[in-house]
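Heads up, query06.cif below (mmCIF, C-alpha atoms):
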```cif
data_structure
loop_
_atom_site.label_atom_id
_atom_site.label_comp_id
_atom_site.auth_asym_id
_atom_site.auth_seq_id
_atom_site.Cartn_x
_atom_site.Cartn_y
_atom_site.Cartn_z
CA MET A 1153 15.97 -3.86 -14.86
CA PRO A 1154 12.51 -4.97 -13.67
CA GLN A 1155 10.37 -2.30 -12.05
CA VAL A 1156 7.99 -3.42 -9.32
CA ARG A 1157 5.50 -1.16 -7.58
CA ILE A 1158 3.55 -1.97 -4.43
CA ILE A 1159 0.36 0.06 -4.16
CA ALA A 1160 -0.95 0.24 -0.62
CA LYS A 1161 -4.61 1.26 -0.73
CA ASN A 1162 -6.39 2.80 2.22
CA PHE A 1163 -9.27 1.10 3.95
CA MET A 1164 -12.04 2.75 1.92
CA ASP A 1165 -10.44 1.68 -1.36
CA MET A 1166 -10.68 -1.89 -0.09
CA VAL A 1167 -14.28 -1.38 1.01
CA SER A 1168 -15.29 0.05 -2.38
CA SER A 1169 -13.82 -2.99 -4.16
CA LEU A 1170 -16.22 -5.35 -2.38
CA PRO A 1171 -19.17 -6.83 -4.34
CA ALA A 1172 -22.49 -4.99 -3.99
CA MET A 1173 -24.04 -7.67 -1.78
CA LYS A 1174 -21.16 -7.54 0.71
CA LEU A 1175 -21.24 -3.74 0.79
CA ASP A 1176 -24.95 -3.78 1.61
CA LYS A 1177 -24.23 -6.32 4.35
CA LEU A 1178 -21.60 -3.98 5.83
CA TYR A 1179 -24.13 -1.15 6.05
CA GLU A 1180 -26.25 -3.20 8.45
CA ASN A 1181 -23.74 -2.06 11.10
CA ALA A 1182 -24.34 1.56 12.15
CA PHE A 1183 -20.69 2.01 13.20
CA ILE A 1184 -19.55 1.04 9.71
CA CYS A 1185 -21.87 3.71 8.29
CA GLU A 1186 -20.24 6.30 10.56
CA ALA A 1187 -16.74 5.11 9.60
CA ILE A 1188 -17.65 5.45 5.91
CA LEU A 1189 -19.04 8.96 6.54
CA ARG A 1190 -15.81 9.96 8.30
CA SER A 1191 -13.69 8.78 5.39
CA LEU A 1192 -15.55 10.72 2.68
CA PRO A 1193 -14.22 13.93 1.06
CA PRO A 1194 -15.78 17.08 2.62
CA LEU A 1195 -18.14 17.70 -0.30
CA ALA A 1196 -19.31 14.07 -0.28
CA LYS A 1197 -20.06 14.34 3.46
CA LYS A 1198 -22.15 17.42 2.76
CA TYR A 1199 -24.18 15.57 0.12
CA VAL A 1200 -24.84 12.62 2.44
CA LEU A 1201 -26.07 14.87 5.25
CA GLN A 1202 -28.20 16.95 2.88
CA LEU A 1203 -29.92 13.86 1.49
CA LEU A 1204 -30.14 11.99 4.80
CA TYR A 1205 -33.81 12.87 5.32
CA ILE A 1206 -34.82 12.99 1.66
CA ASP A 1207 -36.54 9.77 0.59
CA VAL A 1208 -36.95 10.56 -3.12
CA PRO A 1209 -34.30 10.58 -5.87
CA VAL A 1210 -32.53 13.89 -6.58
CA THR A 1211 -31.53 14.74 -10.13
CA ALA A 1212 -27.88 15.23 -11.06
CA SER A 1213 -28.68 18.68 -12.50
CA SER A 1214 -30.21 19.75 -9.16
CA MET A 1215 -27.09 18.68 -7.27
CA GLN A 1216 -24.84 20.53 -9.70
CA GLU A 1217 -26.69 23.74 -8.80
CA TRP A 1218 -25.42 23.31 -5.23
CA VAL A 1219 -21.82 23.71 -6.43
CA LEU A 1220 -19.93 26.85 -7.46
CA ALA A 1221 -18.39 26.95 -10.94
CA ASP A 1222 -14.85 26.31 -9.67
CA GLY A 1223 -15.99 23.26 -7.66
CA ALA A 1224 -16.99 21.09 -10.61
CA SER A 1225 -14.01 18.73 -10.32
CA LYS A 1226 -14.54 18.26 -6.56
CA HIS A 1227 -18.23 17.59 -7.24
CA ARG A 1228 -17.35 14.84 -9.73
CA VAL A 1229 -14.86 13.26 -7.30
CA ALA A 1230 -17.44 13.32 -4.50
CA ILE A 1231 -20.17 11.73 -6.65
CA ASP A 1232 -17.79 9.05 -7.98
CA ARG A 1233 -16.68 8.16 -4.45
CA LEU A 1234 -20.26 7.88 -3.20
CA ILE A 1235 -21.21 5.63 -6.12
CA GLN A 1236 -18.11 3.42 -5.66
CA LEU A 1237 -19.05 2.85 -2.02
CA ARG A 1238 -22.73 2.30 -2.94
CA VAL A 1239 -23.66 5.10 -0.58
CA PHE A 1240 -25.39 6.60 -3.63
CA THR A 1241 -27.40 4.54 -6.09
CA GLU A 1242 -27.48 6.06 -9.56
CA THR A 1243 -30.40 5.67 -11.98
CA VAL A 1244 -30.46 6.93 -15.58
CA ASP A 1245 -33.87 7.39 -17.27
CA ARG A 1246 -34.73 7.24 -20.96
CA LYS A 1247 -33.82 10.90 -21.39
CA LYS A 1248 -30.37 10.05 -20.00
CA GLU A 1249 -31.04 12.16 -16.90
CA ALA A 1250 -29.21 10.74 -13.88
CA THR A 1251 -30.76 10.72 -10.42
CA TYR A 1252 -29.18 9.83 -7.07
CA ARG A 1253 -30.53 8.60 -3.75
CA LEU A 1254 -28.93 7.27 -0.60
CA ASN A 1255 -28.57 3.53 -0.11
CA PRO A 1256 -31.70 2.72 1.99
CA MET A 1257 -29.83 0.53 4.52
CA PHE A 1258 -27.03 3.10 4.89
CA GLN A 1259 -29.58 5.91 5.20
CA MET A 1260 -31.70 4.18 7.85
CA ASN A 1261 -28.76 3.13 10.06
CA LEU A 1262 -26.98 6.49 9.82
CA ARG A 1263 -30.17 8.32 10.78
CA THR A 1264 -30.60 6.09 13.83
CA HIS A 1265 -26.92 6.38 14.78
CA ILE A 1266 -26.90 10.18 14.55
CA VAL A 1267 -30.14 10.63 16.53
CA HIS A 1268 -29.81 7.91 19.17
CA GLY A 1269 -26.10 7.11 19.14
CA GLY A 1270 -24.76 3.57 19.10
CA VAL A 1271 -23.62 0.93 21.55
CA LEU A 1272 -20.57 -1.15 20.72
CA PRO A 1273 -20.90 -4.94 21.00
CA ARG A 1274 -18.52 -4.77 23.97
CA GLU A 1275 -17.76 -2.32 26.77
CA PRO A 1276 -14.39 -1.78 28.51
CA MET A 1277 -13.76 -4.07 31.46
CA ALA A 1278 -13.91 -2.70 34.99
CA ALA A 1279 -10.57 -1.62 36.48
CA ASN A 1280 -10.96 -3.94 39.48
CA ILE A 1281 -11.04 -7.00 37.18
CA THR A 1282 -7.98 -6.27 35.06
CA VAL A 1283 -4.38 -6.23 36.25
CA ARG A 1284 -2.36 -3.05 35.81
CA LEU A 1285 -2.96 -1.87 32.25
CA PRO A 1286 -0.10 -0.36 30.24
CA SER A 1287 0.06 3.42 29.91
CA LEU A 1288 -0.41 5.00 26.47
CA GLU A 1289 3.37 5.53 26.23
CA GLU A 1290 4.01 1.87 27.07
CA LEU A 1291 1.38 0.81 24.56
CA ASP A 1292 2.99 2.92 21.81
CA SER A 1293 6.37 1.38 22.66
CA TYR A 1294 4.87 -2.12 22.56
CA ALA A 1295 3.27 -1.46 19.14
CA ALA A 1296 6.58 -0.19 17.74
CA GLN A 1297 8.49 -3.21 19.09
CA GLN A 1298 5.95 -5.68 17.68
CA TRP A 1299 6.09 -4.04 14.27
CA GLU A 1300 9.88 -4.14 14.35
CA CYS A 1301 9.86 -7.84 15.25
CA PHE A 1302 7.38 -8.47 12.47
CA LEU A 1303 9.64 -6.82 9.87
CA LEU A 1304 12.72 -8.57 11.25
CA HIS A 1305 11.02 -11.87 10.49
CA LEU A 1306 10.62 -10.67 6.92
CA ILE A 1307 14.27 -9.65 6.62
CA ASN A 1308 15.24 -12.99 8.20
CA SER A 1309 18.18 -11.44 10.05
CA ALA A 1310 20.23 -13.39 12.58
CA GLU A 1311 18.62 -11.55 15.48
CA VAL A 1312 15.12 -12.74 14.61
CA GLU A 1313 15.37 -16.17 16.21
CA VAL A 1314 16.52 -14.66 19.48
CA THR A 1315 14.32 -11.58 19.80
CA THR A 1316 10.98 -12.63 18.34
CA LYS A 1317 8.37 -15.28 18.88
CA SER A 1318 6.97 -17.28 16.00
CA ILE A 1319 4.61 -15.55 13.57
CA SER A 1320 1.14 -17.06 13.12
CA PRO A 1321 0.59 -19.18 9.97
CA SER A 1322 -1.95 -16.71 8.55
CA MET A 1323 0.56 -13.87 8.88
CA MET A 1324 3.29 -15.96 7.25
CA LYS A 1325 0.89 -16.59 4.38
CA VAL A 1326 0.58 -12.82 3.96
CA PHE A 1327 4.39 -12.68 3.73
CA GLN A 1328 4.43 -15.32 1.05
CA ARG A 1329 1.95 -13.45 -1.14
CA GLY A 1330 4.56 -11.47 -3.04
CA LEU A 1331 7.07 -10.53 -0.33
CA LEU A 1332 8.84 -13.87 0.15
CA SER A 1333 9.74 -16.64 -2.26
CA GLN A 1334 10.85 -20.13 -1.35
CA LYS A 1335 12.66 -22.64 -3.54
CA ASP A 1336 12.78 -26.38 -2.98
CA ASN A 1337 16.40 -26.58 -1.83
CA ASP A 1338 16.72 -23.07 -0.44
CA GLY A 1339 15.20 -21.10 2.42
CA SER A 1340 12.83 -18.17 2.10
CA ARG A 1341 14.24 -15.04 0.51
CA LEU A 1342 12.90 -11.59 -0.18
CA THR A 1343 11.37 -10.89 -3.58
CA GLU A 1344 11.76 -7.57 -5.39
CA SER A 1345 8.44 -6.50 -3.89
CA GLY A 1346 9.73 -7.54 -0.46
CA PHE A 1347 12.82 -5.35 -0.73
CA GLN A 1348 10.69 -2.41 -1.85
CA PHE A 1349 8.19 -3.06 0.95
CA LEU A 1350 10.92 -2.55 3.58
CA LEU A 1351 11.66 0.96 2.29
CA MET A 1352 7.99 2.02 2.41
CA ASP A 1353 6.57 4.35 5.04
CA THR A 1354 5.26 2.49 8.14
CA ASN A 1355 1.65 3.50 7.39
CA ALA A 1356 1.96 2.21 3.84
CA GLN A 1357 3.52 -1.05 5.08
CA LEU A 1358 0.65 -1.55 7.53
CA TRP A 1359 -1.95 -0.96 4.84
CA TYR A 1360 -0.25 -3.38 2.48
CA ILE A 1361 -0.27 -6.12 5.15
CA ILE A 1362 -3.91 -5.42 6.13
CA ARG A 1363 -4.97 -5.44 2.47
CA GLU A 1364 -3.27 -8.79 1.84
CA TYR A 1365 -4.65 -10.20 5.11
CA ILE A 1366 -8.17 -9.30 3.98
CA SER A 1367 -7.70 -10.45 0.39
CA ASN A 1368 -6.69 -14.00 1.43
CA SER A 1369 -9.34 -14.24 4.17
CA GLU A 1370 -11.56 -16.38 1.94
CA ASP A 1371 -8.78 -19.02 1.85
CA ARG A 1372 -9.05 -19.25 5.64
CA GLY A 1373 -12.84 -19.60 5.51
CA VAL A 1374 -13.44 -16.03 6.70
CA ASP A 1375 -15.86 -13.72 4.90
CA SER A 1376 -13.99 -10.57 3.83
CA ALA A 1377 -17.00 -8.36 4.64
CA ASP A 1378 -17.14 -9.74 8.20
CA LEU A 1379 -13.40 -9.15 8.61
CA ILE A 1380 -13.58 -5.55 7.32
CA SER A 1381 -16.58 -4.94 9.58
CA PHE A 1382 -14.64 -6.13 12.64
CA LEU A 1383 -11.53 -4.11 11.74
CA LEU A 1384 -13.57 -0.93 11.28
CA GLU A 1385 -15.39 -1.69 14.52
CA LEU A 1386 -12.01 -1.76 16.28
CA SER A 1387 -11.45 1.86 15.27
CA PHE A 1388 -14.30 2.88 17.61
CA HIS A 1389 -12.72 1.22 20.65
CA VAL A 1390 -10.75 3.31 23.14
CA THR A 1391 -6.97 3.11 22.96
CA GLY A 1392 -5.56 1.60 26.15
CA GLU A 1393 -8.86 0.18 27.46
CA ALA A 1394 -9.26 -3.57 28.09
CA TYR A 1395 -12.00 -5.58 26.35
CA ASN A 1396 -13.00 -9.10 27.34
CA MET A 1397 -12.02 -11.85 24.88
CA ASN A 1398 -15.25 -13.68 25.73
CA THR A 1399 -17.19 -11.02 23.78
CA LEU A 1400 -15.54 -12.22 20.54
CA ASP A 1401 -16.59 -15.10 18.33
CA GLU A 1402 -14.04 -17.72 17.20
CA ILE A 1403 -13.05 -15.93 13.96
CA GLN A 1404 -12.63 -12.61 15.80
CA ARG A 1405 -10.43 -14.31 18.41
CA ILE A 1406 -8.12 -15.63 15.68
CA THR A 1407 -8.06 -12.20 14.03
CA VAL A 1408 -7.16 -10.48 17.31
CA LYS A 1409 -4.25 -12.90 17.85
CA ASP A 1410 -3.03 -12.22 14.31
CA LEU A 1411 -3.30 -8.45 14.85
CA ALA A 1412 -1.26 -8.84 18.04
CA ASP A 1413 1.67 -9.97 15.85
CA LEU A 1414 1.46 -6.60 14.08
CA GLY A 1415 1.23 -4.56 17.28
CA LEU A 1416 -2.38 -3.47 16.65
CA ILE A 1417 -3.55 -5.35 19.74
CA LYS A 1418 -1.93 -6.21 23.09
CA LEU A 1419 -3.16 -9.41 24.76
CA GLN A 1420 -3.20 -9.89 28.54
CA GLN A 1421 -4.26 -12.76 30.77
CA GLY A 1422 -5.78 -12.43 34.24
CA ARG A 1423 -6.60 -15.12 36.80
CA LYS A 1424 -9.97 -15.90 35.23
CA ASP A 1425 -10.43 -13.71 32.17
CA SER A 1426 -8.27 -12.68 29.23
CA TRP A 1427 -8.62 -9.39 27.39
CA PHE A 1428 -7.26 -7.40 24.46
CA ILE A 1429 -6.10 -3.77 24.46
CA PRO A 1430 -6.24 -1.81 21.18
CA THR A 1431 -3.20 0.33 20.34
CA LYS A 1432 -3.26 3.50 18.23
CA LEU A 1433 -2.57 1.41 15.14
CA ALA A 1434 -5.95 -0.32 15.62
CA THR A 1435 -8.02 2.71 16.58
CA ASN A 1436 -6.63 4.71 13.62
CA LEU A 1437 -7.39 2.04 11.02
CA SER A 1438 -10.12 4.09 9.34
CA ILE A 1439 -7.83 7.12 8.94
CA SER A 1440 -6.54 7.75 5.43
CA LEU A 1441 -2.91 7.14 4.48
CA SER A 1442 -2.61 10.85 3.75
CA ASP A 1443 -2.81 11.56 7.49
CA SER A 1444 0.78 12.36 8.46
CA SER A 1445 0.17 12.73 12.20
CA SER A 1446 1.51 9.23 12.87
CA ARG A 1447 4.80 9.72 11.04
CA LYS A 1448 7.82 8.96 13.17
CA MET A 1449 10.74 11.27 13.82
CA GLY A 1450 13.57 10.70 11.35
CA TYR A 1451 16.98 9.40 12.30
CA VAL A 1452 19.23 9.50 9.19
CA VAL A 1453 21.87 12.09 8.28
CA VAL A 1454 23.57 11.86 4.87
CA GLU A 1455 26.70 13.92 4.19
CA THR A 1456 28.08 15.15 0.87
CA ASN A 1457 30.92 12.60 1.11
CA PHE A 1458 28.32 9.75 1.03
CA ARG A 1459 28.81 9.03 4.73
CA LEU A 1460 25.62 8.00 6.48
CA TYR A 1461 24.81 8.38 10.20
CA ALA A 1462 21.67 6.83 11.72
CA TYR A 1463 20.89 7.87 15.29
CA SER A 1464 19.05 4.72 16.32
CA THR A 1465 19.29 1.70 18.60
CA SER A 1466 16.98 -0.37 16.38
CA LYS A 1467 18.22 -3.62 14.83
CA LEU A 1468 15.54 -3.17 12.16
CA HIS A 1469 16.93 0.22 11.09
CA CYS A 1470 20.37 -1.33 10.78
CA GLU A 1471 19.08 -4.19 8.63
CA ILE A 1472 17.13 -1.83 6.36
CA LEU A 1473 20.19 0.38 5.82
CA ARG A 1474 22.17 -2.74 4.83
CA LEU A 1475 19.81 -3.09 1.84
CA PHE A 1476 21.56 -0.22 0.03
CA ALA A 1477 24.52 0.94 2.17
CA ARG A 1478 27.63 -0.50 3.79
CA VAL A 1479 27.27 -0.49 7.58
CA GLU A 1480 30.78 0.04 8.93
CA TYR A 1481 30.22 -0.02 12.67
CA GLN A 1482 27.42 0.28 15.20
CA LEU A 1483 27.58 2.11 18.53
CA PRO A 1484 24.90 1.83 21.26
CA ASN A 1485 22.86 4.67 19.72
CA LEU A 1486 24.55 5.31 16.37
CA ILE A 1487 24.92 3.40 13.09
CA VAL A 1488 27.70 4.60 10.79
CA GLY A 1489 27.93 3.60 7.18
CA SER A 1490 28.59 4.65 3.59
CA ILE A 1491 26.54 4.69 0.41
CA THR A 1492 28.75 2.86 -2.07
CA LYS A 1493 28.45 1.91 -5.72
CA GLU A 1494 28.73 -1.81 -4.92
CA ASN A 1495 25.94 -1.74 -2.32
CA LEU A 1496 23.68 0.27 -4.58
CA TYR A 1497 24.25 -2.15 -7.48
CA LYS A 1498 23.21 -4.97 -5.13
CA ALA A 1499 20.07 -3.00 -4.18
CA PHE A 1500 19.24 -2.33 -7.84
CA SER A 1501 19.65 -6.03 -8.67
CA ASN A 1502 17.16 -6.82 -5.89
CA GLY A 1503 14.56 -4.58 -7.55
CA ILE A 1504 14.98 -1.46 -5.40
CA THR A 1505 15.03 1.74 -7.46
CA ALA A 1506 17.07 4.92 -6.99
CA ASP A 1507 13.92 6.97 -6.38
CA GLN A 1508 12.81 4.61 -3.61
CA ILE A 1509 16.18 4.89 -1.85
CA ILE A 1510 16.17 8.68 -2.13
CA LEU A 1511 12.57 8.89 -0.88
CA PHE A 1512 13.45 6.66 2.09
CA LEU A 1513 16.39 8.91 3.01
CA GLN A 1514 14.21 12.02 2.71
CA GLN A 1515 11.29 10.60 4.73
CA ASN A 1516 13.63 9.41 7.50
CA ALA A 1517 15.87 12.46 7.62
CA HIS A 1518 16.95 13.48 11.13
CA PRO A 1519 15.10 16.61 12.43
CA ARG A 1520 18.35 18.60 12.27
CA VAL A 1521 18.54 18.14 8.49
CA ALA A 1522 14.84 17.56 7.68
CA GLU A 1523 14.23 21.32 7.70
CA LYS A 1524 16.94 21.90 5.09
CA VAL A 1525 16.20 21.98 1.37
CA PRO A 1526 17.24 19.50 0.15
CA SER A 1527 17.37 17.21 3.21
CA VAL A 1528 19.66 14.82 1.29
CA PRO A 1529 22.64 16.45 -0.52
CA GLU A 1530 22.04 16.89 -4.25
CA ASN A 1531 25.38 15.39 -5.24
CA VAL A 1532 24.37 12.19 -3.40
CA THR A 1533 20.90 11.92 -4.99
CA ASP A 1534 22.30 12.73 -8.46
CA GLN A 1535 25.02 10.07 -8.10
CA ILE A 1536 22.53 7.43 -6.93
CA ARG A 1537 20.45 8.08 -10.06
CA LEU A 1538 23.56 8.03 -12.27
CA TRP A 1539 24.67 4.66 -10.86
CA GLU A 1540 21.21 3.30 -11.56
CA SER A 1541 21.32 4.62 -15.14
CA ASP A 1542 24.65 2.81 -15.63
CA LEU A 1543 22.74 -0.47 -15.44
CA ASN A 1544 20.19 0.70 -17.98
CA ARG A 1545 22.56 1.79 -20.76
CA VAL A 1546 21.99 -1.34 -22.82
CA GLU A 1547 18.54 -2.80 -23.26
CA MET A 1548 18.20 -6.27 -24.74
CA ILE A 1549 15.32 -6.56 -27.23
CA PRO A 1550 14.86 -9.79 -29.25
CA ALA A 1551 14.92 -8.77 -32.92
CA HIS A 1552 15.25 -9.97 -36.51
CA PHE A 1553 17.37 -8.53 -39.32
CA PHE A 1554 16.10 -8.16 -42.91
CA ASP A 1555 18.15 -7.29 -46.02
CA ASP A 1556 18.37 -8.14 -49.75
CA PHE A 1557 15.14 -6.38 -50.66
CA PRO A 1558 14.28 -6.70 -54.39
CA SER A 1559 13.48 -2.98 -54.73
CA ARG A 1560 13.37 0.26 -52.77
CA ASP A 1561 9.56 0.29 -52.93
CA VAL A 1562 9.39 -3.08 -51.16
CA PHE A 1563 11.92 -1.89 -48.56
CA GLU A 1564 9.96 1.29 -47.79
CA ALA A 1565 6.68 -0.62 -47.66
CA ALA A 1566 8.27 -3.07 -45.17
CA CYS A 1567 9.47 -0.16 -43.00
CA ASP A 1568 5.99 1.37 -43.02
CA HIS A 1569 4.46 -1.99 -42.11
CA ALA A 1570 6.84 -2.36 -39.12
CA ARG A 1571 6.12 1.22 -38.01
CA ASP A 1572 2.38 0.51 -38.01
CA TYR A 1573 3.03 -2.08 -35.29
CA SER A 1574 5.56 0.16 -33.46
CA SER A 1575 8.15 -2.55 -34.06
CA LEU A 1576 10.74 -0.87 -36.31
CA LEU A 1577 13.98 -0.74 -34.31
CA TRP A 1578 16.50 0.35 -36.96
CA GLU A 1579 16.73 1.03 -40.70
CA ASP A 1580 19.50 1.76 -43.18
CA SER A 1581 17.88 3.33 -46.26
CA LYS A 1582 21.11 3.39 -48.28
CA LYS A 1583 21.81 -0.34 -48.06
CA MET A 1584 18.11 -1.23 -47.61
CA ARG A 1585 18.44 -3.09 -44.30
CA LEU A 1586 16.15 -3.04 -41.28
CA VAL A 1587 15.69 -4.60 -37.83
CA VAL A 1588 12.28 -5.35 -36.32
CA LYS A 1589 11.04 -6.79 -33.02
CA THR A 1590 10.76 -10.57 -32.85
CA GLU A 1591 7.02 -10.51 -32.11
CA ILE A 1592 6.17 -9.36 -35.65
CA TYR A 1593 8.73 -11.57 -37.44
CA ALA A 1594 6.07 -13.99 -38.72
CA GLN A 1595 3.88 -11.12 -39.91
CA MET A 1596 6.79 -9.44 -41.67
CA LYS A 1597 7.77 -12.69 -43.36
CA ASP A 1598 4.21 -13.22 -44.57
CA TYR A 1599 3.91 -9.59 -45.68
CA LEU A 1600 7.15 -9.70 -47.69
CA SER A 1601 6.19 -12.99 -49.36
CA HIS A 1602 3.10 -11.27 -50.78
CA GLN A 1603 5.13 -8.21 -51.85
CA LYS A 1604 7.45 -10.31 -54.01
#
```
Can you give me the file's structure in the form of structure tokens?
Amino acid sequence: MPQVRIIAKNFMDMVSSLPAMKLDKLYENAFICEAILRSLPPLAKKYVLQLLYIDVPVTASSMQEWVLADGASKHRVAIDRLIQLRVFTETVDRKKEATYRLNPMFQMNLRTHIVHGGVLPREPMAANITVRLPSLEELDSYAAQQWECFLLHLINSAEVEVTTKSISPSMMKVFQRGLLSQKDNDGSRLTESGFQFLLMDTNAQLWYIIREYISNSEDRGVDSADLISFLLELSFHVTGEAYNMNTLDEIQRITVKDLADLGLIKLQQGRKDSWFIPTKLATNLSISLSDSSSRKMGYVVVETNFRLYAYSTSKLHCEILRLFARVEYQLPNLIVGSITKENLYKAFSNGITADQIILFLQQNAHPRVAEKVPSVPENVTDQIRLWESDLNRVEMIPAHFFDDFPSRDVFEAACDHARDYSSLLWEDSKKMRLVVKTEIYAQMKDYLSHQK
């Protein structure tokens, strides 16, 4: 069965993958320099601050003296991260001695920012201009609802057309980059990656969408460095405050409207002015995926008899559970279902793995069972893995069969030749027969012709 993995990088992984020229352009913005500093490992932060007012290169051997013997691995990780982000520039002389110094643009802007502070390109609007702004609780609820609507579009459930507005073309393009496929005579359907995406943690889902949104920005005529700069800039805005749309350029306006589809931004219109309000999803963009503070409370209880209870009113939760379980009935605040062999086989055929299903159940376990070890009964997790292994009992490998060897020496030489290419699938030394992978059939045929 095909195995598909979606890797959702964090923001700094995306930043480090930019070309050198675009990275240097990013560091012209002092707030970006601060965001980069925040994201660094503790030891890397220490190195940056120690070298901030040193204008000459520092040798690698000198920096190693700053580290205790048991910190060598952390030192290497810190140096590698700083080089990837071009915060450090590395030079190796003829004696193969490496020296490091801070990126001059990064160094200059961070110095200025730390000493004098910084002023964002826009300030919050006065309270007498805006209408009643949503409270932080209302903003969190809005962000959750928008994200749910966004995922319901992906699932293409019946409720989508009623409960959600249309998704912007640029967001739909993100969907189509691996999550949705569309055939000529058929509507859009989820790909294997799409099914797996739905079982990911919300933070990981968000990062996957943001990464794809940035990676196809060039197709929309938007510079990826400018887009990353704006997204990182958003993380310095205040959650719940209103910012005037007139302070944005045309590309930033389009980006803000796209982010509103995800629930990162809430848009409001007054009599004269319009404004955007960042949610926590936007202001936490520069926080690593490893930060678990934003994880939601779980809602799923799985019993030893494979019964499943989800304490939720969400249509999205119901649709996600349908991916691998049979939903039997739904009450106002409770979804009741069963994990069955038939539903799991359907999930496996769609590219979802047993480990992904088990991880989803564990991550979304109701607080009453989340404290237990294990949070999902062992007999259930073992059976899910066993049902998956049922589909993997027979593996089809194209092969060719050889027999009628003129002598045992030729047979053994042919076996050794196939082993050298890791392509020997089976051999019968008594009757001098063997089976090899199809990809080396021509080579084997040529080899045996010379042996005769």
Next on the checklist: Starting from the PyMOL selection byres ((chain A and resi 1457) around 9), expand the selection into actual residues of this file and give them as a list in words.
Outcome noted: Val1454, Glu1455, Thr1456, Phe1458, Arg1459, Leu1460, Ser1490, Asn1531 and Val1532 of chain A
Please evaluate the PyMOL selection byres ((chain A and resi 1270-1274) around 12) against the structure above and give the resulting residues as a short mmCIF file (atom, residue, chain, number, x, y, z; two decimals) with C-alpha atoms, in the frame of the given file.
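Output contents, as saved in result.cif:
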```cif
data_model
loop_
_atom_site.label_atom_id
_atom_site.label_comp_id
_atom_site.auth_asym_id
_atom_site.auth_seq_id
_atom_site.Cartn_x
_atom_site.Cartn_y
_atom_site.Cartn_z
CA ASN A 1181 -23.74 -2.06 11.10
CA ALA A 1182 -24.34 1.56 12.15
CA PHE A 1183 -20.69 2.01 13.20
CA ILE A 1184 -19.55 1.04 9.71
CA CYS A 1185 -21.87 3.71 8.29
CA GLU A 1186 -20.24 6.30 10.56
CA ASN A 1261 -28.76 3.13 10.06
CA LEU A 1262 -26.98 6.49 9.82
CA ARG A 1263 -30.17 8.32 10.78
CA THR A 1264 -30.60 6.09 13.83
CA HIS A 1265 -26.92 6.38 14.78
CA ILE A 1266 -26.90 10.18 14.55
CA VAL A 1267 -30.14 10.63 16.53
CA HIS A 1268 -29.81 7.91 19.17
CA GLY A 1269 -26.10 7.11 19.14
CA GLU A 1275 -17.76 -2.32 26.77
CA PRO A 1276 -14.39 -1.78 28.51
CA MET A 1277 -13.76 -4.07 31.46
CA PHE A 1382 -14.64 -6.13 12.64
CA LEU A 1384 -13.57 -0.93 11.28
CA GLU A 1385 -15.39 -1.69 14.52
CA LEU A 1386 -12.01 -1.76 16.28
CA SER A 1387 -11.45 1.86 15.27
CA PHE A 1388 -14.30 2.88 17.61
CA HIS A 1389 -12.72 1.22 20.65
CA VAL A 1390 -10.75 3.31 23.14
CA GLU A 1393 -8.86 0.18 27.46
CA ALA A 1394 -9.26 -3.57 28.09
CA TYR A 1395 -12.00 -5.58 26.35
CA ASN A 1396 -13.00 -9.10 27.34
CA MET A 1397 -12.02 -11.85 24.88
CA ASN A 1398 -15.25 -13.68 25.73
CA THR A 1399 -17.19 -11.02 23.78
CA LEU A 1400 -15.54 -12.22 20.54
CA ASP A 1401 -16.59 -15.10 18.33
CA TRP A 1427 -8.62 -9.39 27.39
CA PHE A 1428 -7.26 -7.40 24.46
#
```
Next on the checklist: I'd like the neighbourhood of His1552 (chain A) as a list of chain:residue names, where a residue qualifies if any of its atoms comes within 6 Å (using only C-alpha atoms), though same-chain residues fewer than 4 positions away should be ignored.
Outcome noted: A:Val1587, A:Val1588, A:Thr1590
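Distance check against Leu1358 (chain A) using all atoms listed in the file: of A:Thr1243, A:Ser1376, A:Asn1436, A:Gln1514, the minimum falls on A:Asn1436.
Minimum distance to Thr1251 (chain A) across A:Ile1362, A:Ala1221, A:Val1210, A:Ile1472 (counting only C-alpha atoms) occurs at A:Val1210.
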Next on the checklist: What does the structure give for the distance between CA of Ser1527 (chain A) and CA of Met1352 (chain A), in Å to one decimal?
Outcome noted: 17.9 Å
Next on the checklist: To test your reading of the syntax: which residues would the PyMOL selection byres ((chain A and resi 1205) around 10) return for the file shown? Reply as a ChimeraX atom specification.
Outcome noted: /A:1200-1204,1206-1208,1254,1259-1260,1263
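If you count all atoms listed in the file and ignore residues fewer than 3 places along the chain from Pro1484 (chain A), what sits within 10 Å of it is Tyr1463, Ser1464, Thr1465, Ser1466 and Ile1487 of chain A.
When only C-alpha atoms are used to compute distances to Pro1519 (chain A), the closest of the residues A:Ala1566, A:Ile1361, A:Val1453, A:Leu1483 turns out to be A:Val1453.
For the pair CA of Ser1381 (chain A) and CA of Leu1178 (chain A), the interatomic distance is 6.3 Å.
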Contacts between region 1340-1350 of chain A and region 1470-1583 of chain A, please, where a residue of region 1470-1583 of chain A counts if it comes within 9 Å (with only C-alpha atoms); show its shortest atom pair and distance in Å to one decimal, rows by chain and ascending number, as CSV.
```
residue,atom,partner,partner_atom,distance
A:Ile1472,CA,A:Leu1350,CA,6.8
A:Leu1475,CA,A:Phe1347,CA,7.8
A:Ala1499,CA,A:Phe1347,CA,8.4
A:Ser1501,CA,A:Glu1344,CA,8.7
A:Asn1502,CA,A:Glu1344,CA,5.5
A:Gly1503,CA,A:Glu1344,CA,4.6
A:Ile1504,CA,A:Gln1348,CA,5.6
A:Thr1505,CA,A:Gln1348,CA,8.2
A:Gln1508,CA,A:Gln1348,CA,7.5
```
